[in-house]
Every structure is written in C-alpha cells, then in structure tokens.
$ cat protein_39.txt   # compact mmCIF, C-alpha atoms (C1' of nucleotides)
# COMPACT_ATOMS: atom_id res chain seq x y z
CA MET M 12 37.75 30.17 -49.91
CA PRO M 13 34.32 29.11 -51.17
CA PRO M 14 33.77 29.03 -54.92
CA PRO M 15 31.56 31.65 -56.54
CA HIS M 16 29.03 29.00 -57.41
CA PRO M 17 27.91 27.47 -54.13
CA ALA M 18 25.24 25.33 -55.74
CA ASP M 19 27.65 22.43 -56.06
CA ASP M 20 27.48 21.23 -52.48
CA VAL M 21 24.37 21.25 -50.34
CA THR M 22 26.43 22.06 -47.29
CA GLU M 23 27.47 25.35 -48.88
CA HIS M 24 23.91 26.68 -48.82
CA VAL M 25 22.81 29.19 -46.25
CA GLY M 26 19.85 27.07 -45.23
CA TYR M 27 22.04 24.10 -44.38
CA ARG M 28 24.42 26.17 -42.27
CA LEU M 29 21.53 27.91 -40.55
CA LYS M 30 19.94 24.60 -39.64
CA ARG M 31 23.24 23.20 -38.51
CA ALA M 32 23.96 26.12 -36.20
CA ALA M 33 20.40 26.17 -34.89
CA ALA M 34 20.48 22.43 -34.24
CA ALA M 35 23.79 22.68 -32.42
CA LEU M 36 22.50 25.50 -30.25
CA ARG M 37 19.25 23.72 -29.56
CA GLY M 38 21.07 20.57 -28.55
CA ALA M 39 23.45 22.37 -26.25
CA MET M 40 20.63 24.33 -24.62
CA ASP M 41 18.53 21.21 -24.28
CA LYS M 42 21.29 19.41 -22.46
CA ALA M 43 22.15 22.34 -20.21
CA LEU M 44 18.54 23.21 -19.36
CA ARG M 45 17.63 19.61 -18.55
CA GLU M 46 19.77 19.89 -15.43
CA HIS M 47 17.56 22.79 -14.39
CA GLY M 48 14.32 21.03 -15.16
CA LEU M 49 13.46 23.30 -18.07
CA THR M 50 12.88 22.85 -21.77
CA VAL M 51 14.04 25.37 -24.36
CA PRO M 52 10.57 26.85 -24.98
CA GLN M 53 10.01 27.07 -21.25
CA TYR M 54 13.27 28.92 -20.76
CA ALA M 55 12.45 31.28 -23.61
CA CYS M 56 9.14 32.03 -21.94
CA LEU M 57 10.70 32.79 -18.58
CA GLU M 58 13.34 35.01 -20.17
CA LEU M 59 10.73 36.98 -22.08
CA LEU M 60 8.46 37.35 -19.06
CA ASP M 61 11.37 38.50 -16.93
CA GLN M 62 12.12 41.27 -19.34
CA ARG M 63 8.56 42.14 -20.34
CA PRO M 64 6.18 41.10 -17.58
CA GLY M 65 2.53 40.80 -18.43
CA LEU M 66 2.88 39.36 -21.90
CA SER M 67 -0.11 37.34 -23.07
CA ASN M 68 -0.10 33.86 -24.52
CA ALA M 69 -0.42 35.12 -28.09
CA GLU M 70 2.34 37.68 -27.64
CA LEU M 71 4.67 35.05 -26.20
CA ALA M 72 3.85 32.75 -29.09
CA ARG M 73 4.77 35.38 -31.65
CA SER M 74 7.94 36.25 -29.79
CA THR M 75 9.11 32.65 -29.79
CA PHE M 76 7.93 31.82 -33.32
CA VAL M 77 5.46 29.12 -32.39
CA THR M 78 1.68 28.91 -32.56
CA ARG M 79 -0.65 30.08 -29.82
CA GLN M 80 -1.63 26.48 -29.18
CA SER M 81 1.94 25.34 -28.62
CA MET M 82 2.65 28.23 -26.32
CA ASN M 83 -0.50 27.49 -24.40
CA VAL M 84 0.81 24.03 -23.59
CA VAL M 85 4.12 25.51 -22.45
CA LEU M 86 2.39 28.05 -20.24
CA ARG M 87 0.28 25.38 -18.60
CA GLY M 88 3.41 23.43 -17.81
CA LEU M 89 4.99 26.49 -16.28
CA GLN M 90 1.85 27.19 -14.31
CA ASP M 91 1.68 23.65 -12.99
CA ALA M 92 5.32 23.99 -11.92
CA ASP M 93 4.44 27.27 -10.19
CA LEU M 94 6.99 29.21 -12.22
CA ILE M 95 4.52 31.68 -13.68
CA SER M 96 1.06 32.94 -12.75
CA ARG M 97 -1.86 33.91 -14.91
CA PRO M 98 -5.17 35.36 -13.80
CA ALA M 99 -8.17 33.20 -14.60
CA THR M 100 -10.12 36.20 -15.85
CA THR M 101 -9.58 39.82 -16.78
CA ASP M 102 -11.74 42.88 -16.59
CA HIS M 103 -10.77 44.17 -20.01
CA GLY M 104 -10.21 42.12 -23.14
CA ARG M 105 -9.36 38.45 -23.39
CA ALA M 106 -5.58 38.54 -23.14
CA LEU M 107 -4.38 37.06 -19.86
CA PRO M 108 -1.14 38.71 -18.70
CA ALA M 109 1.44 36.27 -17.40
CA HIS M 110 3.95 37.03 -14.65
CA LEU M 111 6.91 35.25 -13.14
CA THR M 112 6.49 33.90 -9.66
CA GLU M 113 9.31 34.21 -7.17
CA HIS M 114 10.00 30.56 -7.75
CA GLY M 115 10.12 31.18 -11.49
CA ARG M 116 12.53 34.05 -11.10
CA GLU M 117 14.90 31.91 -9.06
CA ARG M 118 14.74 29.09 -11.58
CA LEU M 119 15.39 31.49 -14.44
CA HIS M 120 18.39 33.05 -12.76
CA ALA M 121 19.87 29.64 -12.10
CA ALA M 122 19.39 28.49 -15.68
CA ARG M 123 20.47 31.77 -17.23
CA SER M 124 24.12 31.36 -16.37
CA ALA M 125 24.23 27.99 -18.11
CA VAL M 126 22.62 29.41 -21.24
CA TYR M 127 24.84 32.46 -21.26
CA ALA M 128 27.89 30.22 -21.04
CA ILE M 129 26.72 28.46 -24.19
CA GLU M 130 26.23 31.74 -25.97
CA ARG M 131 29.68 32.85 -24.92
CA THR M 132 31.13 29.63 -26.30
CA MET M 133 29.49 30.35 -29.62
CA VAL M 134 30.41 33.98 -29.88
CA ASP M 135 33.97 33.65 -28.66
CA THR M 136 34.87 31.61 -31.72
CA PHE M 137 35.17 34.68 -33.93
CA PRO M 138 36.20 38.33 -33.54
CA GLN M 139 33.78 40.37 -31.52
CA ARG M 140 33.38 42.81 -34.38
CA ARG M 141 31.74 40.21 -36.54
CA LEU M 142 28.99 39.69 -34.01
CA ALA M 143 27.21 42.89 -34.98
CA ALA M 144 27.46 42.03 -38.66
CA LEU M 145 26.21 38.51 -38.01
CA LEU M 146 23.20 39.74 -36.04
CA ALA M 147 22.43 42.28 -38.73
CA ASP M 148 22.67 39.70 -41.50
CA LEU M 149 20.45 37.24 -39.67
CA ASP M 150 17.95 39.99 -39.07
CA ARG M 151 17.98 41.08 -42.69
CA MET M 152 17.44 37.56 -43.91
CA ALA M 153 14.48 37.05 -41.62
CA GLU M 154 13.11 40.41 -42.66
CA ALA M 155 13.43 39.56 -46.34
CA LEU M 156 11.40 36.40 -45.80
CA GLY M 157 8.68 38.21 -43.92
CA GLY M 158 9.71 37.02 -40.45
CA MET N 23 6.74 49.26 -27.73
CA PRO N 24 10.52 48.92 -27.46
CA PRO N 25 11.81 47.62 -24.14
CA PRO N 26 13.46 50.12 -21.81
CA HIS N 27 16.93 48.58 -21.88
CA PRO N 28 17.92 47.57 -25.41
CA ALA N 29 21.31 46.30 -24.27
CA ASP N 30 19.65 43.68 -22.09
CA ASP N 31 17.07 42.88 -24.73
CA VAL N 32 16.62 39.20 -25.38
CA THR N 33 16.32 39.91 -29.08
CA GLU N 34 19.94 41.06 -29.12
CA HIS N 35 21.16 37.58 -28.33
CA VAL N 36 22.57 35.34 -31.02
CA GLY N 37 20.22 32.52 -30.13
CA TYR N 38 17.15 34.64 -30.67
CA ARG N 39 18.32 35.90 -34.06
CA LEU N 40 19.29 32.40 -35.10
CA LYS N 41 15.90 31.04 -34.17
CA ARG N 42 14.18 33.92 -35.90
CA ALA N 43 16.08 33.45 -39.15
CA ALA N 44 15.65 29.69 -39.04
CA ALA N 45 11.93 30.04 -38.37
CA ALA N 46 11.51 32.48 -41.24
CA LEU N 47 13.36 30.17 -43.61
CA ARG N 48 11.45 27.15 -42.43
CA GLY N 49 8.14 28.92 -42.94
CA ALA N 50 9.02 30.12 -46.41
CA MET N 51 10.25 26.69 -47.45
CA ASP N 52 7.19 25.02 -45.95
CA LYS N 53 4.89 27.21 -47.95
CA ALA N 54 6.82 26.86 -51.19
CA LEU N 55 7.32 23.10 -50.93
CA ARG N 56 3.66 22.47 -50.12
CA GLU N 57 2.83 23.35 -53.71
CA HIS N 58 5.17 20.57 -54.77
CA GLY N 59 3.76 18.04 -52.34
CA LEU N 60 6.91 17.92 -50.23
CA THR N 61 7.82 18.69 -46.65
CA VAL N 62 11.08 20.31 -45.64
CA PRO N 63 12.68 17.10 -44.31
CA GLN N 64 11.56 15.27 -47.44
CA TYR N 65 13.13 17.90 -49.67
CA ALA N 66 16.33 17.80 -47.64
CA CYS N 67 16.41 14.04 -48.14
CA LEU N 68 15.96 14.25 -51.88
CA GLU N 69 18.61 16.95 -52.20
CA LEU N 70 21.13 14.90 -50.24
CA LEU N 71 20.39 11.73 -52.15
CA ASP N 72 20.72 13.54 -55.45
CA GLN N 73 24.18 14.70 -54.52
CA ARG N 74 25.31 11.62 -52.64
CA PRO N 75 23.36 8.58 -53.83
CA GLY N 76 23.36 5.50 -51.65
CA LEU N 77 23.26 7.21 -48.27
CA SER N 78 21.76 5.11 -45.49
CA ASN N 79 19.02 6.07 -43.09
CA ALA N 80 21.45 6.82 -40.27
CA GLU N 81 23.71 8.88 -42.52
CA LEU N 82 20.76 10.92 -43.77
CA ALA N 83 19.62 11.47 -40.20
CA ARG N 84 23.01 12.83 -39.19
CA SER N 85 23.17 15.03 -42.26
CA THR N 86 19.81 16.62 -41.51
CA PHE N 87 20.30 16.84 -37.74
CA VAL N 88 17.41 14.63 -36.74
CA THR N 89 17.23 11.20 -35.11
CA ARG N 90 17.34 7.94 -37.02
CA GLN N 91 13.74 7.29 -36.06
CA SER N 92 12.52 10.57 -37.51
CA MET N 93 14.42 10.02 -40.71
CA ASN N 94 13.03 6.52 -40.96
CA VAL N 95 9.50 7.95 -41.02
CA VAL N 96 10.49 10.43 -43.70
CA LEU N 97 12.08 7.72 -45.83
CA ARG N 98 8.98 5.57 -45.62
CA GLY N 99 6.88 8.46 -46.82
CA LEU N 100 9.23 9.02 -49.73
CA GLN N 101 9.17 5.32 -50.52
CA ASP N 102 5.38 5.18 -50.45
CA ALA N 103 5.35 8.15 -52.83
CA ASP N 104 7.79 6.32 -55.11
CA LEU N 105 10.34 9.12 -54.88
CA ILE N 106 13.15 6.96 -53.51
CA SER N 107 13.98 3.27 -53.46
CA ARG N 108 15.64 1.15 -50.81
CA PRO N 109 16.60 -2.49 -51.00
CA ALA N 110 14.86 -4.73 -48.47
CA THR N 111 18.08 -6.51 -47.61
CA THR N 112 21.80 -6.21 -48.15
CA ASP N 113 24.59 -8.73 -48.47
CA HIS N 114 27.01 -6.83 -46.27
CA GLY N 115 26.17 -4.94 -43.09
CA ARG N 116 22.84 -3.52 -42.04
CA ALA N 117 22.87 -0.12 -43.77
CA LEU N 118 20.34 0.07 -46.59
CA PRO N 119 21.49 2.45 -49.36
CA ALA N 120 18.75 4.76 -50.65
CA HIS N 121 18.51 6.04 -54.21
CA LEU N 122 16.31 8.53 -56.03
CA THR N 123 13.82 7.14 -58.49
CA GLU N 124 13.26 8.88 -61.79
CA HIS N 125 10.04 10.21 -60.35
CA GLY N 126 11.92 11.52 -57.34
CA ARG N 127 14.50 13.22 -59.51
CA GLU N 128 11.80 15.05 -61.44
CA ARG N 129 10.04 16.12 -58.28
CA LEU N 130 13.30 17.38 -56.79
CA HIS N 131 14.20 19.40 -59.87
CA ALA N 132 10.77 21.02 -59.86
CA ALA N 133 10.94 21.94 -56.17
CA ARG N 134 14.57 23.04 -56.30
CA SER N 135 13.89 26.21 -58.24
CA ALA N 136 11.37 27.34 -55.66
CA VAL N 137 13.80 26.72 -52.81
CA TYR N 138 16.66 28.40 -54.62
CA ALA N 139 14.49 31.46 -55.16
CA ILE N 140 13.97 31.66 -51.42
CA GLU N 141 17.68 31.37 -50.78
CA ARG N 142 18.35 34.11 -53.30
CA THR N 143 15.81 36.34 -51.57
CA MET N 144 17.67 35.82 -48.32
CA VAL N 145 21.15 36.30 -49.66
CA ASP N 146 20.43 39.24 -51.91
CA THR N 147 19.64 41.38 -48.90
CA PHE N 148 23.30 41.96 -48.17
CA PRO N 149 26.54 42.24 -50.13
CA GLN N 150 27.82 38.99 -51.58
CA ARG N 151 31.05 39.46 -49.71
CA ARG N 152 29.32 38.96 -46.41
CA LEU N 153 27.94 35.62 -47.45
CA ALA N 154 31.28 33.89 -47.03
CA ALA N 155 31.77 35.49 -43.63
CA LEU N 156 28.26 34.55 -42.58
CA LEU N 157 28.70 30.92 -43.61
CA ALA N 158 32.04 30.78 -41.85
CA ASP N 159 30.62 32.27 -38.66
CA LEU N 160 27.67 29.89 -38.63
CA ASP N 161 30.03 27.00 -39.16
CA ARG N 162 32.36 28.09 -36.41
CA MET N 163 29.50 28.45 -33.96
CA ALA N 164 28.20 24.98 -34.73
CA GLU N 165 31.71 23.61 -34.46
CA ALA N 166 32.23 25.25 -31.08
CA LEU N 167 29.10 23.58 -29.75
CA GLY N 168 30.08 20.17 -31.03
CA GLY N 169 27.70 20.17 -33.99
C1' DC X 1 37.94 -18.03 -31.65
C1' DT X 2 35.45 -15.31 -28.23
C1' DC X 3 34.07 -11.21 -26.05
C1' DC X 4 33.18 -6.38 -26.36
C1' DC X 5 32.19 -2.28 -28.56
C1' DT X 6 30.04 0.38 -32.09
C1' DA X 7 26.71 1.20 -35.68
C1' DT X 8 22.42 0.33 -37.82
C1' DG X 9 17.47 -0.57 -38.34
C1' DT X 10 13.29 -0.91 -36.03
C1' DC X 11 9.47 -0.95 -32.59
C1' DA X 12 6.80 1.32 -28.89
C1' DA X 13 5.43 5.16 -26.12
C1' DA X 14 5.49 9.82 -25.01
C1' DA X 15 6.19 14.58 -25.86
C1' DT X 16 5.90 18.33 -28.91
C1' DC X 17 3.99 20.97 -32.44
C1' DC X 18 0.81 22.22 -36.00
C1' DT X 19 -3.74 22.59 -38.68
C1' DG X 20 -8.51 23.39 -38.35
C1' DA X 21 -12.17 25.08 -35.87
C1' DC X 22 -15.10 27.55 -32.57
C1' DA X 23 -16.66 31.14 -29.25
C1' DT X 24 -15.72 35.48 -27.03
C1' DG X 25 -14.17 40.40 -26.40
C1' DG X 26 -13.03 44.70 -28.43
C1' DA X 27 -12.46 48.19 -32.03
C1' DA X 28 -13.67 50.52 -36.27
C1' DG X 29 -16.89 52.01 -39.56
C1' DA X 30 -21.52 52.38 -41.84
C1' DT O 9 -26.81 51.40 -32.88
C1' DC O 10 -25.22 47.53 -35.16
C1' DT O 11 -22.50 45.26 -38.17
C1' DT O 12 -18.18 43.68 -39.59
C1' DC O 13 -13.62 42.53 -38.74
C1' DC O 14 -9.65 41.24 -36.04
C1' DA O 15 -7.32 39.30 -32.02
C1' DT O 16 -7.34 36.13 -28.29
C1' DG O 17 -8.03 31.78 -25.74
C1' DT O 18 -9.24 27.18 -26.21
C1' DC O 19 -10.57 22.44 -27.86
C1' DA O 20 -9.93 18.45 -30.89
C1' DG O 21 -7.36 15.80 -34.10
C1' DG O 22 -3.45 14.53 -36.50
C1' DA O 23 1.33 14.93 -37.93
C1' DT O 24 6.03 15.15 -36.56
C1' DT O 25 9.74 14.36 -33.50
C1' DT O 26 11.94 12.62 -29.66
C1' DT O 27 13.26 9.27 -25.88
C1' DG O 28 13.95 4.61 -24.62
C1' DA O 29 14.70 0.07 -25.81
C1' DC O 30 15.88 -4.13 -28.38
C1' DA O 31 18.01 -7.25 -31.87
C1' DT O 32 21.36 -7.71 -35.41
C1' DA O 33 25.77 -7.12 -38.14
C1' DG O 34 30.58 -6.07 -38.27
C1' DG O 35 35.27 -4.94 -36.51
C1' DG O 36 38.86 -5.19 -33.11
C1' DA O 37 41.17 -6.66 -28.67
C1' DG O 38 42.22 -10.26 -25.94

$ encode --input "protein_39.txt" --output "structure tokens"
Amino acid sequence: MPPPHPADDVTEHVGYRLKRAAAALRGAMDKALREHGLTVPQYACLELLDQRPGLSNAELARSTFVTRQSMNVVLRGLQDADLISRPATTDHGRALPAHLTEHGRERLHAARSAVYAIERTMVDTFPQRRLAALLADLDRMAEALGG
Amino acid sequence: MPPPHPADDVTEHVGYRLKRAAAALRGAMDKALREHGLTVPQYACLELLDQRPGLSNAELARSTFVTRQSMNVVLRGLQDADLISRPATTDHGRALPAHLTEHGRERLHAARSAVYAIERTMVDTFPQRRLAALLADLDRMAEALGG
DNA sequence: CTCCCTATGTCAAAATCCTGACATGGAAGA
DNA sequence: TCTTCCATGTCAGGATTTTGACATAGGGAG
C-alpha cells in the first residue's frame, strides 16, 4: 500500500524500479547467454534477424535502441563468428541486408530456450492478466518520452 | 511494415518493452541532466546520498545496480566537482562514508525538478491506479530474477 | 589466538558504447 | 538538370562500464 506521495523514497520512483527490473533481466540474460557464447546485444540481433531477415545495420540499431556504431561492432562480431552474413556491396542504396547463416540459426534456437525460460520466470510471478496491462503501460511510457 | 505474425513478434516480449522504456527514460534523463552538468549515474548518486547520507562506495554501487569499480569512477568525478565529500581514512573498517556538500545539495535540487518533470510525463500517461500495480509488477519481476 | 570467510577499496586491462565527423547513395523539389 | 536534404556505413577518439585481480579490515568458528 504505497503512500500517495511517492517522493519520500527514491526506491518508490518509477525510474528506480524500471532500472532495477532491467538490470535484473540483463544480468540473468547475460549469465544464461554466456553458456551459449552470446552477448545480450548479439542475441537481440539474431532474434530480430530471424523474424525479419534482411534488416540493415541502421535498422537493427534502432530496433535495439543503440547507435549505428555500436551495432556495427556487434554485427562484425557475429560475422566473424559466422552467425550472420552481409553482402560486401549492394546494387541499390547503401543499406546492407543481413541474414542469419545456418550456424546462426542453430545457435539462436539453442539460446532461445534459455532466454524464454527467464522470461517465463519473470512473467509467472503475477497473474497473466496483468501482463497485457504491464506491456501497455511500458509502451505508453516510452511513447510519452518520444521512444 | 508490421511483421506477418504479431503473436511471435519480438516486440511483444516483456524484455523488449522493458528495454524500450528504460532506453526512453535514460535518453530523456540524459538530455535533461546535461543542462545541469550531471550524468545519470551522478544524479542517482546525489539523490541516494541526499536521502541516505553516509553511504559507502559499495553500498551506492549496489543501490544503482553497477559494479563497485564503476561507482568509484562516478564518485571521483563528483568529488572533483566538489559535489560530495569522502574522508580519506576511517577509524573503523574500510568503508568510506560519502556526504553531499552544500554545492552538491544545490545542484541536486536544481536537477531534481527536471527529472521529476520527466517522471510525471511518464506516469501521467495512464491512470494513477495503475502506477501501484506497475511498480509492484516491476518489483516482483526483479525479485523473481534475484535482483 | 589463529584461520577462514566476507566485504571493501583500488588498480589494471579489456570490452562496450557513445559523440563527432566524413563520404556516399538516393529521393524530393526548384 | 541540379541542388538540397536525409539516411546509411564507417572511421577516430573518448567516455563509461565491466571483468579480473590484489591487499586490507573485520567477524566468526575452531
């Protein structure tokens, strides 16, 4: 039963709780993905490319909320590990579409179960009905801040 | 271009929404705090020290979900800017209690209004009643993951 | 008292990420 | 046409954060 004036304690602020939850998730994913030889940004990349093949570096960067430069580093790592492939050139435009390799698909499928287990652990802590409301609220907050 | 199968969409996962909301908040705070000459970790430090004076480096690190080493860098920056003070030695134990300077208190109070405005922008997007549920859900998720 | 365990502060090195900048390709409008 | 503007990929530099490691201080078990 939180008081109407949450300004008393820092831990009652939305920002603190958001960071706490995000940090907990990041830590759990980090630990789980390490066993699969993947980092969190790398996994996010593979997941996105599995669902929407052909995304460019810039599009992947926007989708994962990092800069193009950071994503470029991630993509190079994935390329060196032979998990994705990118053409060196393109006949139209500058965007280089990335695709999962067979090796990348296998790695993703192996890691996915571990990540999904984490998500299930998170979500199972409260009634399923609240999930939709939680997703909507998170979305609205991001929207309000111009995310 | 919406993906063909919304149910399997990555953006429907809790992790994605969490990251999105956290990224939006981080960006908004970054921009607002820059005008006050503060970074987000620095502001978090000042806010914590204002509420709980005497916290040590390790305690601040745990409270902000970063490593001791990262927090140590932040504290040095705050010390160099004369916003906090830390004794060089202590008569009991190794923990060095940090305290806000008068300068630090003024800086915090100036920056606080900007941050609170951002929080209000986020929270005002949905009924106040949901705030409690949202905070509780975020907390439960972090708890479930060992945060 | 001694040994062991934990916690803390700190150093060093690496990884990660961002800011700033530049050149190129394509589209829209004068 | 050509000129302007935007998006993309990339390079360089610096800032931030993490991992790994080490020494020290204190408490507790033996």

$ calpha_fit_rmsd --input "protein_39.txt" --fixed "chain M" --moving "chain N"
2.6 Å

$ interface_residues --input "protein_39.txt" --of "chain X" --to "chain N" --cutoff "9 Å" --atoms "all atoms listed in the file" --output "list in words"
DA7, DT8, DG9 and DT10 of chain X

$ residues_around --input "protein_39.txt" --residues "Leu44 in chain M" --least-positions-apart "2" --cutoff "10 Å" --atoms "only C-alpha atoms (C1' of nucleotides)" --output "PDB file with C-alpha atoms, in the frame of the given file"
ATOM      1  CA  GLY M  38      21.070  20.570 -28.550  1.00  0.00           C
ATOM      2  CA  ALA M  39      23.450  22.370 -26.250  1.00  0.00           C
ATOM      3  CA  MET M  40      20.630  24.330 -24.620  1.00  0.00           C
ATOM      4  CA  ASP M  41      18.530  21.210 -24.280  1.00  0.00           C
ATOM      5  CA  LYS M  42      21.290  19.410 -22.460  1.00  0.00           C
ATOM      6  CA  GLU M  46      19.770  19.890 -15.430  1.00  0.00           C
ATOM      7  CA  HIS M  47      17.560  22.790 -14.390  1.00  0.00           C
ATOM      8  CA  GLY M  48      14.320  21.030 -15.160  1.00  0.00           C
ATOM      9  CA  LEU M  49      13.460  23.300 -18.070  1.00  0.00           C
ATOM     10  CA  THR M  50      12.880  22.850 -21.770  1.00  0.00           C
ATOM     11  CA  VAL M  51      14.040  25.370 -24.360  1.00  0.00           C
ATOM     12  CA  GLN M  53      10.010  27.070 -21.250  1.00  0.00           C
ATOM     13  CA  TYR M  54      13.270  28.920 -20.760  1.00  0.00           C
ATOM     14  CA  ALA M 121      19.870  29.640 -12.100  1.00  0.00           C
ATOM     15  CA  ALA M 122      19.390  28.490 -15.680  1.00  0.00           C
ATOM     16  CA  ARG M 123      20.470  31.770 -17.230  1.00  0.00           C
ATOM     17  CA  ALA M 125      24.230  27.990 -18.110  1.00  0.00           C
ATOM     18  CA  VAL M 126      22.620  29.410 -21.240  1.00  0.00           C
TER      19      VAL M 126
END

$ interface_residues --input "protein_39.txt" --of "chain M" --to "chain N" --cutoff "9 Å" --atoms "only C-alpha atoms" --output "ChimeraX atom specification"
/M:12-13,19-21,23-39,58-59,62-63,75-77,129-130,132-137,141-142,144-158

$ write_last_selection --input "protein_39.txt" --atoms "C-alpha atoms" --output "JSON list (two decimals), keeping the file's coordinate frame"
[["chain", "number", "residue", "atom", "x", "y", "z"],
["M", 12, "MET", "CA", 37.75, 30.17, -49.91],
["M", 13, "PRO", "CA", 34.32, 29.11, -51.17],
["M", 19, "ASP", "CA", 27.65, 22.43, -56.06],
["M", 20, "ASP", "CA", 27.48, 21.23, -52.48],
["M", 21, "VAL", "CA", 24.37, 21.25, -50.34],
["M", 23, "GLU", "CA", 27.47, 25.35, -48.88],
["M", 24, "HIS", "CA", 23.91, 26.68, -48.82],
["M", 25, "VAL", "CA", 22.81, 29.19, -46.25],
["M", 26, "GLY", "CA", 19.85, 27.07, -45.23],
["M", 27, "TYR", "CA", 22.04, 24.10, -44.38],
["M", 28, "ARG", "CA", 24.42, 26.17, -42.27],
["M", 29, "LEU", "CA", 21.53, 27.91, -40.55],
["M", 30, "LYS", "CA", 19.94, 24.60, -39.64],
["M", 31, "ARG", "CA", 23.24, 23.20, -38.51],
["M", 32, "ALA", "CA", 23.96, 26.12, -36.20],
["M", 33, "ALA", "CA", 20.40, 26.17, -34.89],
["M", 34, "ALA", "CA", 20.48, 22.43, -34.24],
["M", 35, "ALA", "CA", 23.79, 22.68, -32.42],
["M", 36, "LEU", "CA", 22.50, 25.50, -30.25],
["M", 37, "ARG", "CA", 19.25, 23.72, -29.56],
["M", 38, "GLY", "CA", 21.07, 20.57, -28.55],
["M", 39, "ALA", "CA", 23.45, 22.37, -26.25],
["M", 58, "GLU", "CA", 13.34, 35.01, -20.17],
["M", 59, "LEU", "CA", 10.73, 36.98, -22.08],
["M", 62, "GLN", "CA", 12.12, 41.27, -19.34],
["M", 63, "ARG", "CA", 8.56, 42.14, -20.34],
["M", 75, "THR", "CA", 9.11, 32.65, -29.79],
["M", 76, "PHE", "CA", 7.93, 31.82, -33.32],
["M", 77, "VAL", "CA", 5.46, 29.12, -32.39],
["M", 129, "ILE", "CA", 26.72, 28.46, -24.19],
["M", 130, "GLU", "CA", 26.23, 31.74, -25.97],
["M", 132, "THR", "CA", 31.13, 29.63, -26.30],
["M", 133, "MET", "CA", 29.49, 30.35, -29.62],
["M", 134, "VAL", "CA", 30.41, 33.98, -29.88],
["M", 135, "ASP", "CA", 33.97, 33.65, -28.66],
["M", 136, "THR", "CA", 34.87, 31.61, -31.72],
["M", 137, "PHE", "CA", 35.17, 34.68, -33.93],
["M", 141, "ARG", "CA", 31.74, 40.21, -36.54],
["M", 142, "LEU", "CA", 28.99, 39.69, -34.01],
["M", 144, "ALA", "CA", 27.46, 42.03, -38.66],
["M", 145, "LEU", "CA", 26.21, 38.51, -38.01],
["M", 146, "LEU", "CA", 23.20, 39.74, -36.04],
["M", 147, "ALA", "CA", 22.43, 42.28, -38.73],
["M", 148, "ASP", "CA", 22.67, 39.70, -41.50],
["M", 149, "LEU", "CA", 20.45, 37.24, -39.67],
["M", 150, "ASP", "CA", 17.95, 39.99, -39.07],
["M", 151, "ARG", "CA", 17.98, 41.08, -42.69],
["M", 152, "MET", "CA", 17.44, 37.56, -43.91],
["M", 153, "ALA", "CA", 14.48, 37.05, -41.62],
["M", 154, "GLU", "CA", 13.11, 40.41, -42.66],
["M", 155, "ALA", "CA", 13.43, 39.56, -46.34],
["M", 156, "LEU", "CA", 11.40, 36.40, -45.80],
["M", 157, "GLY", "CA", 8.68, 38.21, -43.92],
["M", 158, "GLY", "CA", 9.71, 37.02, -40.45]]

$ closest_atom_pairs --input "protein_39.txt" --of "chain O" --to "chain M" --cutoff "12 Å" --atoms "all atoms listed in the file" --output "tab-separated table"
residue	atom	partner	partner_atom	distance
O:DA15	C1'	M:Arg105	CA	8.9
O:DT16	C1'	M:Arg105	CA	5.8
O:DG17	C1'	M:Arg105	CA	7.2
O:DT18	C1'	M:Gln80	CA	8.2
O:DC19	C1'	M:Gln80	CA	9.9
O:DA20	C1'	M:Gln80	CA	11.7

$ residues_around --input "protein_39.txt" --residues "DT6 in chain X" --least-positions-apart "6" --cutoff "12 Å" --atoms "all atoms listed in the file" --output "PDB file with C-alpha atoms (C1' of nucleotides), in the frame of the given file"
ATOM      1  C1'  DA O  33      25.770  -7.120 -38.140  1.00  0.00           C
ATOM      2  C1'  DG O  34      30.580  -6.070 -38.270  1.00  0.00           C
ATOM      3  C1'  DG O  35      35.270  -4.940 -36.510  1.00  0.00           C
ATOM      4  C1'  DG O  36      38.860  -5.190 -33.110  1.00  0.00           C
TER       5       DG O  36
END

$ atom_distance --input "protein_39.txt" --atom1 "CA of Ala72 in chain M" --atom2 "C1' of DA14 in chain X"
23.3 Å

$ atom_distance --input "protein_39.txt" --atom1 "C1' of DA12 in chain X" --atom2 "C1' of DT24 in chain O"
15.8 Å

$ residues_around --input "protein_39.txt" --residues "DG22 in chain O" --least-positions-apart "5" --cutoff "12 Å" --atoms "only C-alpha atoms (C1' of nucleotides)" --output "short mmCIF file (atom, residue, chain, number, x, y, z; two decimals) with C-alpha atoms (C1' of nucleotides), in the frame of the given file"
data_model
loop_
_atom_site.label_atom_id
_atom_site.label_comp_id
_atom_site.auth_asym_id
_atom_site.auth_seq_id
_atom_site.Cartn_x
_atom_site.Cartn_y
_atom_site.Cartn_z
"C1'" DC X 17 3.99 20.97 -32.44
"C1'" DC X 18 0.81 22.22 -36.00
"C1'" DT X 19 -3.74 22.59 -38.68
"C1'" DG X 20 -8.51 23.39 -38.35
#

$ atom_distance --input "protein_39.txt" --atom1 "CA of Ala120 in chain N" --atom2 "CA of Pro75 in chain N"
6.8 Å

$ closest_residue --input "protein_39.txt" --among "N:Leu105, N:Cys67, N:Leu82, N:Ala110" --to "Leu122 in chain N" --atoms "all atoms listed in the file"
N:Leu105
